[in-house]
Structures are given as structure tokens and as C-alpha cells.
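What follows is protein_32.cif (mmCIF, C-alpha atoms).
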```
data_protein
#
loop_
_atom_site.label_atom_id
_atom_site.label_comp_id
_atom_site.auth_asym_id
_atom_site.auth_seq_id
_atom_site.Cartn_x
_atom_site.Cartn_y
_atom_site.Cartn_z
CA MET Q 1 -0.06 174.70 94.78
CA ALA Q 2 -2.02 173.72 91.80
CA VAL Q 3 -5.59 172.63 92.00
CA MET Q 4 -6.98 170.66 89.11
CA ARG Q 5 -10.10 171.91 87.40
CA VAL Q 6 -12.67 169.38 88.51
CA ASN Q 7 -16.21 169.57 89.80
CA PRO Q 8 -16.28 169.59 93.59
CA ASN Q 9 -18.59 166.67 94.20
CA ARG Q 10 -18.41 163.33 95.90
CA MET Q 11 -17.97 161.40 92.70
CA GLU Q 12 -14.83 163.34 91.78
CA LEU Q 13 -13.56 163.14 95.32
CA MET Q 14 -13.77 159.36 95.28
CA ARG Q 15 -12.12 159.17 91.89
CA LEU Q 16 -9.25 161.41 92.98
CA ARG Q 17 -8.75 159.52 96.21
CA GLY Q 18 -8.40 156.30 94.22
CA GLN Q 19 -5.93 157.99 91.93
CA LEU Q 20 -3.90 159.28 94.84
CA ASN Q 21 -3.71 155.80 96.30
CA VAL Q 22 -2.45 154.35 93.05
CA ALA Q 23 0.02 157.18 92.62
CA ARG Q 24 1.44 156.63 96.11
CA ARG Q 25 1.81 152.92 95.58
CA GLY Q 26 3.41 153.45 92.17
CA HIS Q 27 5.76 156.01 93.60
CA LYS Q 28 6.98 153.63 96.27
CA LEU Q 29 7.48 150.81 93.78
CA LEU Q 30 9.30 153.02 91.29
CA LYS Q 31 11.52 154.39 94.01
CA ASP Q 32 12.53 150.86 94.99
CA LYS Q 33 13.14 150.05 91.35
CA ARG Q 34 15.30 153.12 90.93
CA ASP Q 35 17.40 152.28 93.98
CA GLU Q 36 17.98 148.72 92.85
CA LEU Q 37 18.83 149.83 89.29
CA MET Q 38 21.29 152.31 90.73
CA ARG Q 39 22.94 149.61 92.81
CA GLN Q 40 23.40 147.34 89.83
CA PHE Q 41 24.48 150.25 87.67
CA ILE Q 42 27.24 151.27 90.03
CA SER Q 43 28.86 147.85 90.11
CA LEU Q 44 28.49 147.55 86.33
CA VAL Q 45 30.07 150.90 85.73
CA LYS Q 46 33.04 150.03 87.89
CA ARG Q 47 33.54 146.84 85.92
CA ASN Q 48 33.11 148.76 82.70
CA GLN Q 49 35.84 151.17 83.73
CA LYS Q 50 38.20 148.37 84.63
CA LEU Q 51 37.61 146.55 81.35
CA ARG Q 52 38.04 149.72 79.35
CA LEU Q 53 41.34 150.48 81.01
CA GLU Q 54 42.49 146.98 80.23
CA VAL Q 55 41.40 147.17 76.60
CA GLU Q 56 43.15 150.49 76.24
CA LYS Q 57 46.31 149.08 77.71
CA LEU Q 58 46.31 146.01 75.51
CA LEU Q 59 45.50 147.94 72.37
CA ARG Q 60 48.32 150.33 73.09
CA GLU Q 61 50.57 147.30 73.30
CA TYR Q 62 49.19 146.09 69.98
CA ASN Q 63 49.77 149.49 68.40
CA CYS Q 64 53.40 149.42 69.44
CA LYS Q 65 53.79 146.01 67.88
CA ILE Q 66 52.01 146.86 64.64
CA VAL Q 67 54.22 149.92 64.27
CA LEU Q 68 57.22 147.62 64.53
CA ALA Q 69 55.70 145.35 61.91
CA GLN Q 70 55.10 148.32 59.64
CA ALA Q 71 58.70 149.29 60.07
CA VAL Q 72 60.06 146.01 58.75
CA MET Q 73 57.47 145.32 56.03
CA PRO Q 74 55.86 147.42 53.34
CA GLU Q 75 52.25 148.31 54.04
CA GLN Q 76 51.09 146.39 50.98
CA VAL Q 77 52.46 143.15 52.33
CA ILE Q 78 50.68 143.63 55.67
CA LYS Q 79 47.43 144.44 53.96
CA THR Q 80 47.60 141.45 51.68
CA ALA Q 81 48.50 139.20 54.57
CA LEU Q 82 45.63 140.38 56.72
CA TYR Q 83 43.04 140.39 53.96
CA SER Q 84 43.85 136.82 52.98
CA GLY Q 85 41.84 135.39 55.89
CA TYR Q 86 38.08 135.18 56.26
CA ASP Q 87 36.03 137.77 58.04
CA ASN Q 88 33.82 135.38 59.87
CA LEU Q 89 34.21 136.00 63.56
CA ILE Q 90 30.84 135.08 64.96
CA LEU Q 91 29.61 135.72 68.47
CA GLN Q 92 26.76 134.12 70.31
CA ALA Q 93 24.34 136.68 71.59
CA LYS Q 94 21.97 135.92 74.44
CA ARG Q 95 19.26 138.13 75.85
CA LYS Q 96 19.21 138.57 79.57
CA ASN Q 97 16.56 140.21 81.68
CA LEU Q 98 18.09 142.59 84.18
CA MET Q 99 15.48 144.43 86.26
CA SER Q 100 13.04 144.11 83.35
CA VAL Q 101 15.56 145.67 81.01
CA GLN Q 102 16.50 143.43 78.11
CA VAL Q 103 20.27 143.34 77.88
CA PRO Q 104 22.47 141.38 75.49
CA GLU Q 105 25.28 139.04 76.43
CA TYR Q 106 27.98 138.08 73.96
CA PHE Q 107 30.16 135.00 73.93
CA VAL Q 108 32.76 133.74 71.54
CA HIS Q 109 31.02 131.16 69.43
CA ASP Q 110 32.40 127.91 70.78
CA GLN Q 111 32.81 124.93 68.55
CA THR Q 112 32.84 122.22 71.17
CA MET Q 113 29.17 121.60 70.52
CA LEU Q 114 29.93 120.86 66.89
CA GLU Q 115 32.93 118.70 67.60
CA ASP Q 116 30.93 116.11 69.52
CA SER Q 117 29.03 114.75 66.58
CA SER Q 118 30.86 112.52 64.11
CA ASP Q 119 28.68 113.40 61.14
CA GLU Q 120 30.74 113.86 58.03
CA LYS Q 121 29.09 117.12 57.14
CA THR Q 122 29.61 118.58 60.57
CA GLU Q 123 33.20 117.49 60.48
CA LYS Q 124 33.67 119.56 57.38
CA ILE Q 125 32.18 122.54 59.09
CA VAL Q 126 34.40 121.98 62.09
CA LYS Q 127 37.43 121.82 59.89
CA ALA Q 128 36.45 124.96 58.05
CA GLN Q 129 35.84 126.73 61.34
CA LYS Q 130 39.08 125.52 62.81
CA ARG Q 131 40.93 126.69 59.77
CA SER Q 132 39.32 130.08 59.97
CA THR Q 133 40.04 130.54 63.63
CA THR Q 134 43.60 129.31 63.75
CA TYR Q 135 45.78 131.91 65.25
CA ILE Q 136 47.29 133.45 62.18
CA PRO Q 137 45.22 133.75 59.05
CA TYR Q 138 48.02 134.26 56.54
CA GLY Q 139 50.87 132.21 55.18
CA LEU Q 140 54.02 132.56 57.21
CA SER Q 141 56.40 132.93 54.31
CA GLY Q 142 57.06 136.46 53.23
CA VAL Q 143 55.59 137.97 56.39
CA SER Q 144 57.85 138.86 59.24
CA GLY Q 145 57.36 137.73 62.80
CA GLU Q 146 56.50 141.19 64.08
CA LEU Q 147 53.07 140.99 62.51
CA ASP Q 148 52.48 137.60 64.12
CA LEU Q 149 53.27 139.11 67.50
CA ALA Q 150 50.84 141.94 66.90
CA ILE Q 151 48.07 139.57 65.89
CA LEU Q 152 48.75 137.35 68.90
CA THR Q 153 48.40 140.41 71.11
CA LEU Q 154 45.06 141.12 69.48
CA HIS Q 155 43.97 137.59 70.28
CA LYS Q 156 44.59 138.41 73.92
CA VAL Q 157 42.40 141.53 73.63
CA LEU Q 158 39.48 139.78 71.98
CA PRO Q 159 37.87 138.20 75.07
CA VAL Q 160 38.27 141.42 77.01
CA MET Q 161 36.77 143.42 74.16
CA ILE Q 162 33.81 141.10 73.95
CA GLU Q 163 33.21 141.38 77.66
CA LEU Q 164 33.54 145.12 77.36
CA ALA Q 165 30.92 145.07 74.63
CA THR Q 166 28.52 143.18 76.89
CA VAL Q 167 29.15 145.35 79.91
CA GLU Q 168 29.16 148.64 78.06
CA LYS Q 169 25.93 147.90 76.24
CA THR Q 170 24.32 146.84 79.52
CA THR Q 171 25.53 150.03 81.14
CA GLN Q 172 24.11 152.15 78.34
CA LEU Q 173 20.75 150.44 78.49
CA LEU Q 174 20.61 150.64 82.29
CA ALA Q 175 21.56 154.32 82.22
CA GLY Q 176 18.61 154.98 79.92
CA GLU Q 177 16.29 153.01 82.19
CA ILE Q 178 17.53 154.82 85.29
CA ALA Q 179 16.95 158.19 83.67
CA LYS Q 180 13.42 157.14 82.70
CA THR Q 181 12.61 155.77 86.14
CA ARG Q 182 14.03 158.83 87.83
CA ARG Q 183 11.87 161.10 85.72
CA ARG Q 184 8.81 159.06 86.60
CA VAL Q 185 9.60 159.08 90.31
CA ASN Q 186 10.18 162.82 90.27
CA SER Q 187 7.06 163.63 88.34
CA LEU Q 188 5.01 161.53 90.75
CA GLU Q 189 6.69 162.94 93.82
CA HIS Q 190 6.77 166.60 92.93
CA ARG Q 191 3.82 166.99 90.63
CA MET Q 192 1.18 164.34 90.62
CA ILE Q 193 0.90 163.50 94.33
CA PRO Q 194 0.92 167.12 95.62
CA ASP Q 195 -1.56 168.14 92.93
CA LEU Q 196 -3.91 165.34 93.87
CA GLU Q 197 -3.59 166.15 97.57
CA ASP Q 198 -4.31 169.83 96.98
CA THR Q 199 -7.30 169.07 94.80
CA ILE Q 200 -8.71 166.64 97.33
CA ARG Q 201 -8.28 169.19 100.10
CA SER Q 202 -9.93 171.91 98.09
CA ILE Q 203 -12.84 169.64 97.20
CA THR Q 204 -13.35 168.64 100.82
CA MET Q 205 -13.25 172.26 101.88
CA LYS Q 206 -15.74 173.31 99.21
CA MET Q 207 -18.06 170.51 100.22
CA GLU Q 208 -17.88 171.49 103.87
CA GLU Q 209 -18.56 175.06 102.88
CA ASN Q 210 -21.61 173.94 100.92
CA GLU Q 211 -22.75 171.92 103.92
CA ARG Q 212 -22.50 174.98 106.18
CA ALA Q 213 -24.27 177.18 103.64
CA ASN Q 214 -27.02 174.63 103.45
CA THR Q 215 -27.42 174.54 107.24
CA THR Q 216 -27.68 178.30 107.54
CA ARG Q 217 -30.14 178.39 104.67
CA LEU Q 218 -32.27 175.79 106.37
CA MET Q 219 -32.16 177.72 109.63
CA LYS Q 220 -33.14 180.90 107.84
CA VAL Q 221 -36.03 179.18 106.07
CA LYS Q 222 -37.14 177.63 109.33
CA ASP Q 223 -37.16 181.10 110.92
CA LEU Q 224 -39.17 182.50 108.04
CA ILE Q 225 -41.72 179.69 108.27
CA LEU Q 226 -41.98 180.08 112.02
CA GLU Q 227 -42.49 183.82 111.71
CA LYS Q 228 -45.22 183.30 109.15
CA GLU Q 229 -46.88 180.72 111.39
CA ILE Q 230 -46.70 183.04 114.37
CA ARG Q 231 -48.19 185.88 112.38
CA GLU Q 232 -51.04 183.68 111.14
CA ARG Q 233 -51.82 182.38 114.62
CA ARG Q 234 -51.73 185.85 116.03
CA SER Q 235 -54.19 187.16 113.44
CA ARG Q 236 -56.43 184.11 113.97
CA ASN Q 237 -56.41 184.70 117.71
CA GLU Q 238 -57.21 188.33 117.23
CA LYS Q 239 -60.17 187.47 115.01
CA LEU Q 240 -61.42 185.01 117.61
CA PHE Q 241 -61.04 187.59 120.32
CA TRP Q 242 -63.05 190.22 118.48
CA LYS Q 243 -65.80 187.70 117.63
CA ASN Q 244 -66.36 187.00 121.28
CA MET E 245 20.05 132.90 71.37
CA HIS E 246 21.36 133.97 68.03
CA LEU E 247 24.62 134.60 66.27
CA VAL E 248 26.00 138.00 65.43
CA LYS E 249 28.90 139.24 63.36
CA VAL E 250 31.49 141.73 64.50
CA ALA E 251 32.82 144.77 62.66
CA VAL E 252 35.43 147.42 63.32
CA ILE E 253 35.40 150.92 61.91
CA GLY E 254 38.30 153.34 62.02
CA ASP E 255 41.39 154.61 60.34
CA ALA E 256 43.46 151.94 58.63
CA ASP E 257 46.37 152.03 61.06
CA SER E 258 44.22 151.35 64.09
CA VAL E 259 41.84 148.72 62.83
CA LEU E 260 43.51 146.73 60.07
CA GLY E 261 44.87 144.17 62.49
CA PHE E 262 41.39 143.16 63.60
CA ARG E 263 41.02 141.54 60.25
CA GLY E 264 43.47 138.99 61.60
CA LEU E 265 40.86 138.08 64.24
CA GLY E 266 38.21 137.55 61.61
CA MET E 267 36.30 140.77 62.18
CA THR E 268 34.96 142.77 59.29
CA VAL E 269 37.09 145.86 58.90
CA VAL E 270 35.82 149.11 57.48
CA THR E 271 38.44 151.79 57.04
CA THR E 272 37.46 155.41 56.82
CA ASP E 273 38.65 158.74 58.14
CA ASP E 274 35.43 160.62 57.62
CA PRO E 275 32.96 160.69 60.55
CA VAL E 276 29.98 161.20 58.24
CA GLU E 277 30.94 158.29 56.10
CA ALA E 278 31.48 156.22 59.25
CA TYR E 279 27.88 156.89 60.21
CA ARG E 280 26.66 155.70 56.84
CA LYS E 281 28.83 152.60 57.07
CA ILE E 282 27.37 151.78 60.47
CA GLU E 283 23.86 152.02 59.08
CA GLU E 284 24.89 149.66 56.34
CA LEU E 285 26.40 147.22 58.83
CA VAL E 286 23.28 147.33 60.97
CA ARG E 287 21.21 146.41 57.94
CA LYS E 288 23.51 143.46 57.41
CA ARG E 289 22.77 142.38 60.98
CA TYR E 290 26.09 143.07 62.58
CA GLY E 291 25.58 142.81 66.34
CA VAL E 292 28.76 144.33 67.72
CA ILE E 293 30.46 147.27 66.07
CA PHE E 294 33.69 148.66 67.44
CA ILE E 295 34.57 152.19 66.42
CA THR E 296 37.64 154.25 67.15
CA GLU E 297 37.01 157.02 69.61
CA ASP E 298 38.35 159.86 67.50
CA LEU E 299 35.84 159.04 64.76
CA ALA E 300 32.98 158.80 67.23
CA GLY E 301 34.15 161.95 68.99
CA LYS E 302 33.70 163.93 65.78
CA ASN E 303 30.20 162.63 65.17
CA LEU E 304 28.38 161.87 68.40
CA ALA E 305 25.29 160.66 66.55
CA ILE E 306 27.21 157.49 65.83
CA ILE E 307 26.93 156.39 69.43
CA GLU E 308 23.88 158.32 70.54
CA ASP E 309 21.61 156.82 67.89
CA TYR E 310 22.23 153.25 68.97
CA LYS E 311 22.50 153.83 72.71
CA GLU E 312 18.93 152.91 73.57
CA LYS E 313 18.66 149.94 71.25
CA ILE E 314 19.56 146.41 72.28
CA GLU E 315 21.27 145.75 69.03
CA PRO E 316 23.79 146.68 67.78
CA ALA E 317 26.28 147.41 70.53
CA VAL E 318 28.40 150.29 69.32
CA ILE E 319 31.55 150.23 71.42
CA LEU E 320 34.41 152.71 71.45
CA ILE E 321 38.01 151.58 71.19
CA PRO E 322 41.10 153.77 71.35
CA SER E 323 42.76 154.59 68.05
CA SER E 324 46.43 154.57 67.38
CA ARG E 325 46.52 158.26 66.60
CA SER E 326 45.12 160.16 69.49
CA ASP E 327 45.26 159.67 73.19
CA GLU E 328 42.35 161.87 74.11
CA GLN E 329 40.50 159.62 76.55
CA PHE E 330 37.24 160.37 74.84
CA ALA E 331 35.72 156.98 75.62
CA MET E 332 36.48 157.23 79.33
CA ASN E 333 35.08 160.74 79.50
CA TYR E 334 32.00 159.57 77.67
CA LEU E 335 31.53 156.87 80.29
CA TYR E 336 31.93 159.44 83.08
CA GLU E 337 29.38 161.65 81.44
CA MET E 338 26.91 158.80 81.12
CA VAL E 339 27.29 157.96 84.80
CA ASN E 340 26.91 161.61 85.66
CA LYS E 341 23.68 161.84 83.73
CA ALA E 342 22.21 158.69 85.21
CA VAL E 343 23.24 159.03 88.84
CA GLY E 344 23.72 162.75 89.22
CA ILE E 345 27.20 162.51 90.73
CA ASN E 346 30.39 161.20 89.29
CA LEU E 347 31.22 157.93 90.95
CA LEU E 348 34.32 157.08 89.04
CA LYS E 349 36.58 160.05 88.85
CA GLU E 350 37.74 159.80 92.47
CA ASP E 351 38.90 156.25 91.90
CA ASN E 352 41.18 157.41 89.18
CA ASN E 353 43.01 160.17 90.96
#
```
Hey, can you dump this file as C-alpha cells for me?
Amino acid sequence: MAVMRVNPNRMELMRLRGQLNVARRGHKLLKDKRDELMRQFISLVKRNQKLRLEVEKLLREYNCKIVLAQAVMPEQVIKTALYSGYDNLILQAKRKNLMSVQVPEYFVHDQTMLEDSSDEKTEKIVKAQKRSTTYIPYGLSGVSGELDLAILTLHKVLPVMIELATVEKTTQLLAGEIAKTRRRVNSLEHRMIPDLEDTIRSITMKMEENERANTTRLMKVKDLILEKEIRERRSRNEKLFWKN
Amino acid sequence: MHLVKVAVIGDADSVLGFRGLGMTVVTTDDPVEAYRKIEELVRKRYGVIFITEDLAGKNLAIIEDYKEKIEPAVILIPSSRSDEQFAMNYLYEMVNKAVGINLLKEDNN
């Protein structure tokens, strides 16, 4: 029980009552928010786990294949082959609003939008893009087929990895939001609301006490006045009596 | 909507192949250097950065520092060397912290 240090008067009482009302409403809202976040989080996490398992499986497959490739070719050849392409994989990133948390969404940059127009300049871009995203970025002569297989496996992983990136980032952001909301709910529930209630009770009690003290004081004063009056009347009567 | 580039960081054996997909590949074995490289990539506006889990496992700041930010997404991938399940455990831990109980482990067993 913790009572705040405030003056026990009506003004404060009204202020605190307003605060308590707001706190209760906020607590209810935040609790609902937390529950809904949790619900979304759980389904996301399950998807995250599934995607991660899949990525791990596919990458293991890729690792097996790249080891084979390394076995039949010198490392230099592999390196040269791989570094001959461009590094221009570009993703589209969208922002989504999930329970007032901004989360990203990634897609493979699709070129269909570009292909529609027949502009010469765009065509060039399309060609360049197509060239850069053809399956295998290196010349086929001098490189053995094992490396092609490995790269093709990687192409299978790419969409899963991108989805994993979306889901995992969303999960991370949601986890942070849940932690924040939970802290807020707890601090309202266990600290702010009880404190306010205690303070309000103590103020009411103090005010009632003051009221009672005031009443007794009034009664006492009334008695004193009456006594004085009685004494005065008595002495006046006595004087009158002796005059007669 | 905007466009972002993709990078991979890790030891050469695990990540070199991603170059074949058009990702930017950064090879390093040193967790501290990896952190610096990530900072560099973030400055160059890379939106998605994949990092091998054994590198991230040795320097948790790599993931922790970007966890609360929308961009970039720093995502763990398994490396060819170790099979330590760090990424999965990290996910479990995150769930544990957020929800208070572990929802996923039972599914696995």
C-alpha cells in the first residue's frame, strides 16, 4: 500500500478520480491490445519456425552440392565464376501496419511491370535485368556442372529466404511491441491503479475525519456559548431579583 | 514502397554461392569485423542482411542492435561449418521473452 503525497482536499480528490478513470480505461485497452498482439505473434512464430526449418534443410542440401563442386574444381575457378556476375539482387520493400506496428514486407523485384512498355530505353533495362537474373551468372565453359546444380538449389532457397526475412523481422518487431505493452499493462495493473485507489481512499477518510472533527468542535463551541448565555441570564435575573 | 539490396555475411565456404543469386557477399571470419561490415552495409542502404549463425553467435550485438529497427532486417542463416542450432534457439528465446512460456519446443519433440 502506497499512498501518494498529495494534499487531502476536494480538488485533489477530483483530479485523482479522473486519473483513475483514465488509468482503468487505458488498462483495459492495453490488455486487449496485448492479447491480440499475442495471438498474431503465435501464428507468426509458428510460420517462422517452419520457414527456418525449410531454409536450413535447403541450405544443407546446397552445402552438400557446393562441397561436390569444390571437389571437382579448384577454389579459384569457383570464385572467378561466381564473381563474374553482377551483385544486383533487388527486393521490393513495402511497409505494412500490423496492430500499429510498422513491419516490412519484402518481395522479389518483378520485372513484368517493365516488360509491358515498348519504350526503347525500358527495353534496354529489361534486357540488362534479364541478363543479370538469368539462372547462372557465369560462362558454362570451364566450370563443371556441380556448381550449376548448387546455384540452382540456391535459386530454390531464395523465395523461402525472402519470406523468412519478412516473417522473422515481423516477429522481432512484434516481440518488442509485446514486451512494451506487457510492461505498460503490468505497471498500470500492479502499481498505478492500486496506488490511485489507496490515495483516493485515504483522502476520503481524511476528509470524513475532518468533517467529524468539525462537527464536534461546533458542538463544543455551541455548548460554550450556551453556558455563557445561561450564566449571563442567571446573573441578570439575580440582579433583577435583588432590585425588587 | 522502395527497393532494397541484399547482402550476405559469413565465412567464404557458406556464403560464396549467394553471389550467384546476385546478392552482395562479404566474407569474414571475425565477429567484430562482421559488425563493422554490417554498419557499412546499413549506411549503403542494404535492407536485408543475411548472416551466418556462428558469426552472430559470437557477437550478439550484431542482431540485438538491429532488432527494434524496421530496417535493416538482419536474418540468421546456417553456416556450412557448424550445426549448432543457434538461430532456432534464438527464436525460442525471443518467444520465451515475449510470451513468458515456450510455445514451440513441444512441437519439435
Output as a CSV table (one decimal) with C-alpha atoms, in the coordinates of the input the set of chain Q residues within 7 Å of chain E, with distances taken over all atoms listed in the file.
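This is the output file iface-v3.csv:
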```csv
chain,number,residue,atom,x,y,z
Q,56,GLU,CA,43.2,150.5,76.2
Q,63,ASN,CA,49.8,149.5,68.4
Q,82,LEU,CA,45.6,140.4,56.7
Q,83,TYR,CA,43.0,140.4,54.0
Q,85,GLY,CA,41.8,135.4,55.9
Q,86,TYR,CA,38.1,135.2,56.3
Q,87,ASP,CA,36.0,137.8,58.0
Q,88,ASN,CA,33.8,135.4,59.9
Q,89,LEU,CA,34.2,136.0,63.6
Q,90,ILE,CA,30.8,135.1,65.0
Q,91,LEU,CA,29.6,135.7,68.5
Q,92,GLN,CA,26.8,134.1,70.3
Q,93,ALA,CA,24.3,136.7,71.6
Q,94,LYS,CA,22.0,135.9,74.4
Q,95,ARG,CA,19.3,138.1,75.8
Q,103,VAL,CA,20.3,143.3,77.9
Q,104,PRO,CA,22.5,141.4,75.5
Q,136,ILE,CA,47.3,133.4,62.2
Q,137,PRO,CA,45.2,133.8,59.0
Q,151,ILE,CA,48.1,139.6,65.9
Q,155,HIS,CA,44.0,137.6,70.3
Q,165,ALA,CA,30.9,145.1,74.6
Q,169,LYS,CA,25.9,147.9,76.2
Q,172,GLN,CA,24.1,152.2,78.3
Q,173,LEU,CA,20.8,150.4,78.5
Q,175,ALA,CA,21.6,154.3,82.2
Q,176,GLY,CA,18.6,155.0,79.9
Q,178,ILE,CA,17.5,154.8,85.3
Q,179,ALA,CA,17.0,158.2,83.7
```
* **Answer key for the PyMOL selection byres ((chain Q and resi 182) around 12), residues as a PyMOL selection string** => (chain Q and resi 27+29-38+174-181+183-190) or (chain E and resi 341-344)
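Put simply, CA of Arg289 in chain E is 27.9 Å away from CA of Phe41 in chain Q.
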Grab all the atoms of range 147-158 of chain Q that the file lists, wrap them in a box along x, y and z, add 6 Å per side, and give me centre plus edge lengths in Å (one decimal) as lines of an AutoDock Vina configuration file.
```
center_x = 46.4
center_y = 139.6
center_z = 68.2
size_x = 25.8
size_y = 16.6
size_z = 23.4
```
Can you turn the PyMOL selection byres ((chain E and resi 303) around 12) into a concrete residue list for this file, as a JSON list (two decimals) with C-alpha atoms, in the frame of the given file?
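Written file, part_5.json:
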```
[["chain", "number", "residue", "atom", "x", "y", "z"],
["E", 273, "ASP", "CA", 38.65, 158.74, 58.14],
["E", 274, "ASP", "CA", 35.43, 160.62, 57.62],
["E", 275, "PRO", "CA", 32.96, 160.69, 60.55],
["E", 276, "VAL", "CA", 29.98, 161.20, 58.24],
["E", 277, "GLU", "CA", 30.94, 158.29, 56.10],
["E", 278, "ALA", "CA", 31.48, 156.22, 59.25],
["E", 279, "TYR", "CA", 27.88, 156.89, 60.21],
["E", 280, "ARG", "CA", 26.66, 155.70, 56.84],
["E", 295, "ILE", "CA", 34.57, 152.19, 66.42],
["E", 296, "THR", "CA", 37.64, 154.25, 67.15],
["E", 297, "GLU", "CA", 37.01, 157.02, 69.61],
["E", 298, "ASP", "CA", 38.35, 159.86, 67.50],
["E", 299, "LEU", "CA", 35.84, 159.04, 64.76],
["E", 300, "ALA", "CA", 32.98, 158.80, 67.23],
["E", 301, "GLY", "CA", 34.15, 161.95, 68.99],
["E", 302, "LYS", "CA", 33.70, 163.93, 65.78],
["E", 304, "LEU", "CA", 28.38, 161.87, 68.40],
["E", 305, "ALA", "CA", 25.29, 160.66, 66.55],
["E", 306, "ILE", "CA", 27.21, 157.49, 65.83],
["E", 307, "ILE", "CA", 26.93, 156.39, 69.43],
["E", 308, "GLU", "CA", 23.88, 158.32, 70.54],
["E", 309, "ASP", "CA", 21.61, 156.82, 67.89]]
```
* Tell me which protein, DNA and RNA residues are within 12 Å of Val72 in chain Q, counting all atoms listed in the file, leaving out same-chain ones fewer than 2 positions away, and put them as a PyMOL selection string. => chain Q and resi 65-70+74-78+142-147
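For the pair CA of Glu12 in chain Q and CA of Arg24 in chain Q, the separation is 18.1 Å.
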* Take CA of Asp195 in chain Q and CA of Ala2 in chain Q and report the distance between them in Å, one decimal. =>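 These two atoms are separated by 5.7 Å.
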* Asked: Of the residues Q:Val3, Q:Lys79, Q:Asn9, Q:Val157, which is the one nearest to Glu211 in chain Q, using all atoms listed in the file?
  -> Q:Asn9
* Asked: For the file shown, what are the residues hit by the PyMOL selection byres ((chain Q and resi 204) around 12), laid out as JSON, numbers by chain?
  -> {"Q": [7, 8, 9, 10, 11, 12, 13, 14, 16, 17, 197, 198, 199, 200, 201, 202, 203, 205, 206, 207, 208, 209, 210, 211]}
* To do: Find the residue from E:Tyr334, E:Gly254, E:Ile345, E:Val270 that sits nearest to Glu284 in chain E; use all atoms listed in the file when measuring.
  =>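 Among the listed residues, E:Val270 lies closest to Glu284 in chain E.
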